[in-house]
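Data file: work.cif. Format and content: mmCIF, C-alpha atoms.
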data_protein
loop_
_atom_site.label_atom_id
_atom_site.label_comp_id
_atom_site.auth_asym_id
_atom_site.auth_seq_id
_atom_site.Cartn_x
_atom_site.Cartn_y
_atom_site.Cartn_z
CA MET M 1448 0.00 0.00 0.00
CA GLY M 1449 2.97 2.32 -0.52
CA SER M 1450 2.39 5.54 -2.44
CA PHE M 1451 5.65 5.74 -4.37
CA THR M 1452 5.76 2.49 -6.35
CA SER M 1453 5.68 4.13 -9.80
CA ALA M 1454 9.38 5.07 -9.63
CA PRO M 1455 12.42 2.84 -9.03
CA LYS M 1456 13.86 2.70 -5.54
CA ILE M 1457 17.19 4.39 -4.88
CA LEU M 1458 18.85 2.24 -2.23
CA ASN M 1459 21.40 4.47 -0.52
CA ASP M 1460 23.24 3.54 2.66
CA ASP M 1461 23.14 5.45 5.96
CA THR M 1462 26.50 7.18 5.51
CA ALA M 1463 25.72 10.90 5.78
CA ASP M 1464 27.28 11.15 9.25
CA ASN M 1465 30.54 9.34 8.60
CA ASP M 1466 32.21 12.72 9.02
CA LEU M 1467 30.98 13.05 12.62
CA LEU M 1468 33.70 12.97 15.28
CA LEU M 1469 32.61 12.84 18.91
CA GLN M 1470 35.73 12.59 20.99
CA ASN M 1471 35.55 12.78 24.80
CA VAL M 1472 31.72 12.81 24.79
CA SER M 1473 30.34 10.40 27.37
CA THR M 1474 27.78 12.45 29.35
CA TRP M 1475 24.85 14.74 28.63
CA GLU M 1476 27.00 17.67 29.79
CA ASP M 1477 29.74 16.74 27.31
CA LEU M 1478 27.16 16.66 24.54
CA HIS M 1479 25.69 19.96 25.71
CA LEU M 1480 29.07 21.66 25.39
CA ARG M 1481 29.56 20.24 21.91
CA CYS M 1482 26.12 21.46 20.83
CA GLN M 1483 26.89 24.93 22.14
CA GLU M 1484 30.08 24.95 20.10
CA GLU M 1485 28.40 23.79 16.90
CA LEU M 1486 25.40 26.13 17.24
CA SER M 1487 27.18 29.26 18.48
CA CYS M 1488 26.33 31.24 15.32
CA LEU M 1489 22.57 30.52 15.52
CA PRO M 1490 19.87 32.14 17.67
CA PRO M 1491 19.06 30.38 20.96
CA LYS M 1492 16.71 27.41 20.82
CA ILE M 1493 13.08 27.74 21.84
CA THR M 1494 13.06 27.56 25.64
CA ARG M 1495 10.59 25.21 27.31
CA SER M 1496 10.02 24.25 30.93
CA PHE M 1497 8.52 21.34 32.82
CA LYS M 1498 5.24 21.58 34.66
CA ASN M 1499 4.53 19.44 37.71
CA VAL M 1500 1.06 17.93 37.30
CA LYS M 1501 1.07 15.54 40.26
CA ASN M 1502 0.02 16.81 43.67
CA SER M 1503 2.15 14.31 45.54
CA SER M 1504 5.89 14.91 45.85
CA GLN M 1505 6.63 11.43 47.19
CA ASN M 1506 8.16 10.13 43.98
CA THR M 1507 11.90 10.40 43.43
CA SER M 1508 14.07 10.39 40.38
CA ASP M 1509 14.49 6.63 40.90
CA THR M 1510 10.77 5.95 40.46
CA LEU M 1511 10.19 8.18 37.44
CA ILE M 1512 10.66 7.15 33.82
CA ARG M 1513 11.31 10.13 31.55
CA VAL M 1514 9.98 9.40 28.07
CA MET M 1515 10.55 11.56 25.00
CA GLN M 1516 8.22 11.23 21.99
CA TRP M 1517 9.37 13.05 18.84
CA ASN M 1518 8.84 13.03 15.11
CA VAL M 1519 12.34 14.25 14.31
CA LEU M 1520 11.53 15.07 10.64
CA SER M 1521 13.13 13.02 7.90
CA GLN M 1522 15.94 14.99 6.29
CA ALA M 1523 15.20 13.74 2.78
CA LEU M 1524 11.53 14.69 3.06
CA ALA M 1525 12.26 18.04 4.72
CA ILE M 1526 14.47 19.16 1.85
CA ASN M 1527 12.63 17.62 -1.09
CA THR M 1528 8.90 17.17 -0.50
CA ASP M 1529 7.59 18.91 2.64
CA LYS M 1530 7.82 22.43 1.17
CA PHE M 1531 8.29 24.45 4.36
CA VAL M 1532 7.97 27.77 2.56
CA ALA M 1533 8.51 29.92 5.67
CA CYS M 1534 11.70 28.13 6.70
CA PRO M 1535 15.06 29.33 5.32
CA LEU M 1536 16.70 26.56 3.32
CA ASP M 1537 19.95 26.65 5.28
CA ALA M 1538 17.99 26.09 8.52
CA LEU M 1539 17.04 22.72 7.02
CA SER M 1540 20.62 21.69 6.25
CA TRP M 1541 21.53 18.47 8.03
CA SER M 1542 24.80 19.92 9.31
CA THR M 1543 22.68 22.40 11.30
CA ARG M 1544 19.66 20.29 12.15
CA ARG M 1545 21.54 17.37 13.63
CA TRP M 1546 22.97 19.54 16.41
CA ARG M 1547 19.64 21.20 17.08
CA LEU M 1548 18.08 17.74 17.44
CA LEU M 1549 20.73 16.74 19.97
CA GLU M 1550 20.32 20.05 21.79
CA GLU M 1551 16.63 19.32 22.38
CA MET M 1552 17.48 15.90 23.82
CA VAL M 1553 20.23 17.36 26.02
CA SER M 1554 17.82 19.91 27.48
CA CYS M 1555 15.51 17.11 28.73
CA GLN M 1556 17.89 14.15 29.25
CA PRO M 1557 15.25 11.43 28.76
CA ASP M 1558 15.60 7.82 29.90
CA ILE M 1559 13.81 6.51 26.80
CA LEU M 1560 13.58 8.25 23.44
CA CYS M 1561 10.93 7.29 20.86
CA PHE M 1562 11.41 8.71 17.38
CA GLN M 1563 9.61 8.72 14.03
CA GLU M 1564 10.83 9.74 10.56
CA VAL M 1565 14.34 8.57 11.42
CA ASP M 1566 16.41 8.45 8.24
CA HIS M 1567 19.76 9.02 10.00
CA TYR M 1568 19.66 6.17 12.47
CA GLN M 1569 23.46 5.78 12.56
CA PHE M 1570 23.75 9.41 13.66
CA PHE M 1571 21.48 8.90 16.66
CA LYS M 1572 23.18 5.61 17.46
CA SER M 1573 26.68 7.05 17.32
CA THR M 1574 25.81 10.06 19.49
CA LEU M 1575 23.60 8.34 22.07
CA SER M 1576 25.57 5.10 22.46
CA PRO M 1577 28.49 6.80 24.28
CA LEU M 1578 25.93 8.12 26.77
CA GLY M 1579 24.83 4.57 27.59
CA PHE M 1580 21.85 4.20 25.24
CA ARG M 1581 20.95 1.16 23.21
CA GLY M 1582 18.95 1.73 20.06
CA VAL M 1583 16.55 -0.34 17.95
CA PHE M 1584 15.23 0.70 14.55
CA TYR M 1585 12.51 -0.52 12.20
CA PRO M 1586 12.21 1.12 8.75
CA LYS M 1587 9.08 1.53 6.66
CA PRO M 1588 8.97 -1.22 4.01
CA ASP M 1589 8.36 1.30 1.22
CA SER M 1590 9.73 4.50 2.70
CA PRO M 1591 9.11 7.62 0.58
CA CYS M 1592 12.78 8.45 1.13
CA PHE M 1593 13.69 5.62 -1.28
CA TYR M 1594 12.41 7.75 -4.18
CA ILE M 1595 14.57 10.78 -3.42
CA ALA M 1596 17.97 10.73 -5.11
CA GLU M 1597 19.99 12.06 -2.17
CA ASN M 1598 18.30 9.90 0.45
CA ASN M 1599 20.25 8.45 3.38
CA GLY M 1600 18.22 5.26 3.49
CA PRO M 1601 14.61 4.62 4.53
CA ASP M 1602 12.87 6.44 7.35
CA GLY M 1603 11.30 4.54 10.21
CA CYS M 1604 10.72 4.32 13.95
CA ALA M 1605 13.45 4.06 16.59
CA ILE M 1606 13.62 3.61 20.34
CA PHE M 1607 16.69 4.39 22.47
CA ILE M 1608 16.95 3.02 26.00
CA ASN M 1609 19.25 4.05 28.86
CA GLU M 1610 20.98 0.77 29.66
CA ASP M 1611 22.13 2.02 33.05
CA LYS M 1612 18.47 2.00 34.09
CA PHE M 1613 16.77 -0.59 31.88
CA GLU M 1614 17.45 -3.97 30.35
CA LEU M 1615 16.00 -4.72 26.94
CA LEU M 1616 14.35 -8.15 27.34
CA ASP M 1617 12.61 -8.45 23.99
CA MET M 1618 11.76 -6.53 20.83
CA LYS M 1619 8.90 -7.00 18.37
CA THR M 1620 8.15 -5.22 15.10
CA ARG M 1621 5.13 -5.00 12.86
CA SER M 1622 4.06 -3.53 9.56
CA LEU M 1623 0.52 -2.47 10.42
CA GLU M 1624 -2.32 -4.01 8.47
CA VAL M 1625 -5.43 -2.39 6.99
CA TRP M 1626 -8.29 -4.74 6.08
CA GLY M 1627 -5.88 -7.66 6.04
CA TYR M 1628 -3.26 -5.98 3.84
CA GLN M 1629 0.14 -4.74 4.96
CA SER M 1630 0.45 -0.97 4.97
CA ASN M 1631 3.57 1.17 4.83
CA GLN M 1632 3.29 2.19 8.49
CA VAL M 1633 5.19 0.34 11.21
CA ALA M 1634 5.30 -0.21 14.96
CA LEU M 1635 8.18 -1.04 17.27
CA LEU M 1636 7.60 -2.69 20.66
CA CYS M 1637 10.18 -3.28 23.43
CA LYS M 1638 9.96 -5.19 26.69
CA LEU M 1639 12.02 -3.55 29.42
CA ARG M 1640 13.09 -4.43 32.96
CA ARG M 1641 13.85 -1.56 35.30
CA LYS M 1642 17.07 -2.48 37.02
CA SER M 1643 16.37 -0.63 40.27
CA ASP M 1644 13.38 -2.82 41.20
CA ASP M 1645 12.98 -5.46 38.42
CA LYS M 1646 9.64 -4.01 37.31
CA VAL M 1647 8.78 -5.03 33.74
CA PHE M 1648 6.86 -2.91 31.25
CA TRP M 1649 6.49 -2.51 27.47
CA ILE M 1650 7.07 0.58 25.38
CA ALA M 1651 5.93 1.01 21.79
CA THR M 1652 6.19 3.67 19.13
CA THR M 1653 4.48 4.13 15.77
CA HIS M 1654 3.84 6.54 12.92
CA LEU M 1655 0.40 6.21 11.34
CA LYS M 1656 -0.78 7.18 7.86
CA ALA M 1657 -0.59 10.89 7.08
CA ARG M 1658 -2.94 13.30 5.28
CA GLN M 1659 -6.52 14.34 5.89
CA GLY M 1660 -9.88 13.05 4.67
CA PRO M 1661 -12.46 10.40 5.61
CA LEU M 1662 -10.65 7.53 3.90
CA LEU M 1663 -7.36 8.36 5.58
CA ALA M 1664 -9.06 8.62 8.99
CA THR M 1665 -10.60 5.21 8.36
CA MET M 1666 -7.19 3.78 7.48
CA ARG M 1667 -5.75 5.17 10.71
CA ARG M 1668 -8.64 3.62 12.61
CA GLU M 1669 -7.80 0.21 11.14
CA GLN M 1670 -4.10 0.72 11.79
CA GLY M 1671 -4.95 1.61 15.38
CA LYS M 1672 -6.92 -1.62 15.81
CA ASP M 1673 -4.04 -3.65 14.41
CA LEU M 1674 -1.57 -1.76 16.58
CA MET M 1675 -3.50 -2.43 19.80
CA ASP M 1676 -3.95 -6.11 18.91
CA PHE M 1677 -0.20 -6.37 18.23
CA ILE M 1678 0.68 -4.81 21.58
CA LYS M 1679 -1.79 -6.93 23.55
CA VAL M 1680 -0.55 -10.22 22.05
CA PHE M 1681 2.82 -9.67 23.73
CA SER M 1682 2.15 -7.37 26.69
CA GLY M 1683 -1.01 -9.00 28.06
CA ASN M 1684 -1.85 -7.15 31.28
CA SER M 1685 1.66 -5.73 31.76
CA PRO M 1686 2.13 -1.96 31.97
CA VAL M 1687 2.41 -0.28 28.56
CA ILE M 1688 3.65 3.07 27.26
CA LEU M 1689 2.60 3.85 23.68
CA THR M 1690 4.06 6.85 21.86
CA GLY M 1691 3.87 8.11 18.33
CA ASP M 1692 2.88 10.49 15.62
CA PHE M 1693 -0.64 9.23 15.00
CA ASN M 1694 -1.39 11.87 12.34
CA ALA M 1695 -4.81 12.09 13.99
CA ASN M 1696 -6.42 14.76 16.12
CA PRO M 1697 -8.29 13.72 19.29
CA ALA M 1698 -11.64 13.69 17.47
CA GLU M 1699 -10.59 10.86 15.17
CA PRO M 1700 -11.70 7.27 15.82
CA VAL M 1701 -8.15 5.98 16.31
CA TYR M 1702 -7.73 8.17 19.40
CA LYS M 1703 -10.74 6.58 21.05
CA ILE M 1704 -9.58 3.07 20.03
CA VAL M 1705 -6.34 3.60 21.94
CA LEU M 1706 -8.02 5.03 25.06
CA ASN M 1707 -10.95 2.62 25.27
CA ASP M 1708 -9.20 -0.74 25.23
CA ASP M 1709 -11.01 -3.28 27.42
CA ILE M 1710 -7.99 -5.30 28.56
CA ASN M 1711 -5.42 -2.61 29.30
CA PRO M 1712 -7.06 0.85 29.23
CA LEU M 1713 -4.68 3.65 28.33
CA ASP M 1714 -4.64 7.35 29.15
CA SER M 1715 -2.93 10.27 27.42
CA ALA M 1716 -0.19 12.06 29.37
CA TYR M 1717 -0.62 15.48 27.79
CA ARG M 1718 -4.27 15.69 28.84
CA TYR M 1719 -2.85 16.46 32.29
CA LEU M 1720 -1.19 19.64 31.12
CA ASN M 1721 -4.43 21.54 31.81
CA ASN M 1722 -7.23 21.26 34.36
CA LYS M 1723 -9.84 20.45 31.69
CA ARG M 1724 -8.03 17.19 30.89
CA THR M 1725 -8.00 17.97 27.17
CA GLU M 1726 -5.14 17.55 24.72
CA PRO M 1727 -2.99 20.61 23.98
CA ALA M 1728 -3.98 22.90 21.12
CA TYR M 1729 -1.06 21.75 18.98
CA THR M 1730 1.94 19.45 18.83
CA THR M 1731 2.90 20.55 15.31
CA TRP M 1732 2.71 24.00 13.75
CA LYS M 1733 4.06 24.47 10.25
CA ILE M 1734 3.58 26.53 7.12
CA ARG M 1735 3.64 24.60 3.87
CA GLU M 1736 3.05 25.59 0.27
CA ASP M 1737 -0.64 24.76 0.61
CA GLY M 1738 -1.24 26.52 3.92
CA GLU M 1739 -0.65 26.67 7.66
CA TYR M 1740 -1.17 23.60 9.85
CA CYS M 1741 -1.64 23.87 13.61
CA GLN M 1742 -2.64 20.43 14.92
CA THR M 1743 -2.39 17.91 17.73
CA LEU M 1744 -1.08 14.67 16.23
CA ASP M 1745 1.48 13.33 18.72
CA TYR M 1746 0.84 11.47 21.96
CA ILE M 1747 2.31 9.64 24.92
CA PHE M 1748 -0.24 7.05 26.07
CA PHE M 1749 0.20 4.91 29.18
CA SER M 1750 -1.58 2.19 31.16
CA ARG M 1751 -3.80 4.17 33.48
CA ASN M 1752 -3.78 1.41 36.13
CA SER M 1753 0.01 1.28 36.30
CA PHE M 1754 1.43 4.77 35.73
CA GLU M 1755 0.87 8.28 37.01
CA VAL M 1756 1.96 11.44 35.22
CA SER M 1757 4.32 13.54 37.31
CA ASN M 1758 5.88 16.19 35.04
CA LEU M 1759 5.30 17.32 31.45
CA LEU M 1760 7.40 19.44 29.13
CA GLN M 1761 5.21 22.39 28.20
CA LEU M 1762 4.53 23.34 24.59
CA PRO M 1763 6.04 26.64 23.44
CA SER M 1764 3.78 29.65 23.00
CA CYS M 1765 2.88 31.15 19.65
CA GLU M 1766 5.20 34.08 20.40
CA ASP M 1767 8.12 31.79 21.23
CA ILE M 1768 7.59 29.76 18.08
CA GLY M 1769 7.64 32.84 15.83
CA GLU M 1770 5.83 33.87 12.67
CA GLY M 1771 7.55 31.33 10.43
CA ARG M 1772 6.50 28.48 12.75
CA VAL M 1773 8.66 25.35 12.63
CA PRO M 1774 11.07 24.09 11.50
CA SER M 1775 13.22 27.19 11.84
CA TYR M 1776 16.65 28.36 12.95
CA LYS M 1777 15.39 27.92 16.53
CA TYR M 1778 13.81 24.49 16.20
CA PRO M 1779 14.79 21.50 13.99
CA SER M 1780 11.49 19.69 13.37
CA ASP M 1781 7.93 20.46 12.36
CA HIS M 1782 6.74 18.50 15.42
CA PHE M 1783 7.47 19.49 19.00
CA SER M 1784 8.96 16.88 21.28
CA LEU M 1785 6.72 15.59 24.05
CA VAL M 1786 8.42 14.62 27.31
CA ALA M 1787 6.67 13.03 30.28
CA ASP M 1788 7.86 11.79 33.66
CA LEU M 1789 5.80 8.66 34.33
CA ASP M 1790 5.73 7.08 37.77
CA LEU M 1791 5.41 3.30 37.60
CA SER M 1792 3.40 2.57 40.73
CA GLU M 1793 3.59 -0.47 42.98
CA THR M 1794 1.91 -3.50 41.41
#
Produce structure tokens that represent the structure in this file.
Amino acid sequence: MGSFTSAPKILNDDTADNDLLLQNVSTWEDLHLRCQEELSCLPPKITRSFKNVKNSSQNTSDTLIRVMQWNVLSQALAINTDKFVACPLDALSWSTRRWRLLEEMVSCQPDILCFQEVDHYQFFKSTLSPLGFRGVFYPKPDSPCFYIAENNGPDGCAIFINEDKFELLDMKTRSLEVWGYQSNQVALLCKLRRKSDDKVFWIATTHLKARQGPLLATMRREQGKDLMDFIKVFSGNSPVILTGDFNANPAEPVYKIVLNDDINPLDSAYRYLNNKRTEPAYTTWKIREDGEYCQTLDYIFFSRNSFEVSNLLQLPSCEDIGEGRVPSYKYPSDHFSLVADLDLSET
């Protein structure tokens, strides 16, 4: 069900970052200093702060799991097909963007990072591995990047895990099905053991079908059903964290499918950012050739019977984002990262 089968695939290797040298970088602080050096000629990044959303202060850093969810924006698509007309072309250059991406991670220092649109997996692996992270990657079977001459390989989903805190026990992958047929969207599922107390949980990430319209919403609904079935086959009643770019606003059927599961009901972390328990107004805000898009498409879901939300990284204001929206010199993706501290309660 890929959309780019009329042209031959261009099978390039992931070699764009062979020039990268990271000597004496083994901590977040080391990486922070390197980012400062590389980005010294650019304006400061968009500043964001954490909001405490849990009344209790009994949890400690040992009980919290900091999860980052982020569509990092495929480089091949950003340059060739996304048409970010308000973004200066040099702000999209990979030599600039890669350090801005790392800078965002450094500012939050997550325990687990869940990414979509990864077409530079070796870059993330080579920069996060010295910090103690183990990565897993699953590409789209018919990635649109294949049809761009200067691609760096296919885009897909990746999860990086802090091995000082967690042991990777198992990993499962799936190309999501729609009406019994394999689609071009994928899911990645990892079983983790927290080393401090041996608690076991699963974390998954996905990137559902893009674009608007009734048919596309129906396809996302079917992908959501397949996704939840896939997760339940392996996780059973175990605690689950599900992240991703669902390409669906909260009114779409797929959102309700995720929240209303009978066996392991999930909740959405970013509903807790406001007292009304509604999703934020946007997780992506971009200007393309065909118009401006301000939407909520990205989520961190979690088993409501196993986790509590403690802290959330707030979304930047319209003023902080700027008139050109994102990506920009100040921010490297068209989606904002979501970061949640989840407290895995006693079970």
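Minimum atom-to-atom distance to M:Lys1501, evaluated using all atoms listed in the file, belongs to M:Asn1722 out of M:Asn1459, M:Asn1722, M:Glu1484, M:Asp1745.
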#### Entry: Test item: which residues lie within 12 Å of (32.2, 12.9, 22.9) counting all atoms listed in the file, as a list in words
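The requested residues, written out, are Leu1467, Leu1468, Leu1469, Gln1470, Asn1471, Val1472, Ser1473, Thr1474, Trp1475, Glu1476, Asp1477, Leu1478, His1479, Leu1480, Arg1481, Cys1482, Ser1573, Thr1574, Leu1575, Ser1576, Pro1577 and Leu1578 of chain M.
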### Message
Taking 4 positions as the minimum chain separation for residues in the same chain, which residues sit within 8 Å of M:Asp1617 when counting all atoms listed in the file? Answer as a list in words.
### Response
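Answer for this query is Cys1637, Lys1638 and Leu1639 of chain M.
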If you apply the PyMOL selection byres ((chain M and resi 1711) around 12) to this file, what residues do you get, as a compact mmCIF listing (two decimals) with C-alpha atoms, keeping the file's coordinate frame?
# COMPACT_ATOMS: atom_id res chain seq x y z
CA MET M 1675 -3.50 -2.43 19.80
CA ASP M 1676 -3.95 -6.11 18.91
CA ILE M 1678 0.68 -4.81 21.58
CA LYS M 1679 -1.79 -6.93 23.55
CA VAL M 1680 -0.55 -10.22 22.05
CA SER M 1682 2.15 -7.37 26.69
CA GLY M 1683 -1.01 -9.00 28.06
CA ASN M 1684 -1.85 -7.15 31.28
CA SER M 1685 1.66 -5.73 31.76
CA PRO M 1686 2.13 -1.96 31.97
CA VAL M 1687 2.41 -0.28 28.56
CA ILE M 1688 3.65 3.07 27.26
CA LEU M 1689 2.60 3.85 23.68
CA ILE M 1704 -9.58 3.07 20.03
CA VAL M 1705 -6.34 3.60 21.94
CA LEU M 1706 -8.02 5.03 25.06
CA ASN M 1707 -10.95 2.62 25.27
CA ASP M 1708 -9.20 -0.74 25.23
CA ASP M 1709 -11.01 -3.28 27.42
CA ILE M 1710 -7.99 -5.30 28.56
CA PRO M 1712 -7.06 0.85 29.23
CA LEU M 1713 -4.68 3.65 28.33
CA ASP M 1714 -4.64 7.35 29.15
CA PHE M 1748 -0.24 7.05 26.07
CA PHE M 1749 0.20 4.91 29.18
CA SER M 1750 -1.58 2.19 31.16
CA ARG M 1751 -3.80 4.17 33.48
CA ASN M 1752 -3.78 1.41 36.13
CA SER M 1753 0.01 1.28 36.30
CA PHE M 1754 1.43 4.77 35.73
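Ranking M:Glu1564, M:Asp1460, M:Glu1550, M:Asp1644 by their shortest atom-to-atom distance to M:Gln1522, with all atoms listed in the file included, puts M:Glu1564 first.
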### Query
What gap, in Å, lies between atom CA of M:Pro1779 and atom CA of M:Tyr1740?
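Taking atom CA of M:Pro1779 and atom CA of M:Tyr1740, their separation equals 16.6 Å.
The interatomic distance for the pair atom CA of M:Asp1529 and atom CA of M:Ala1728 works out to 22.2 Å.
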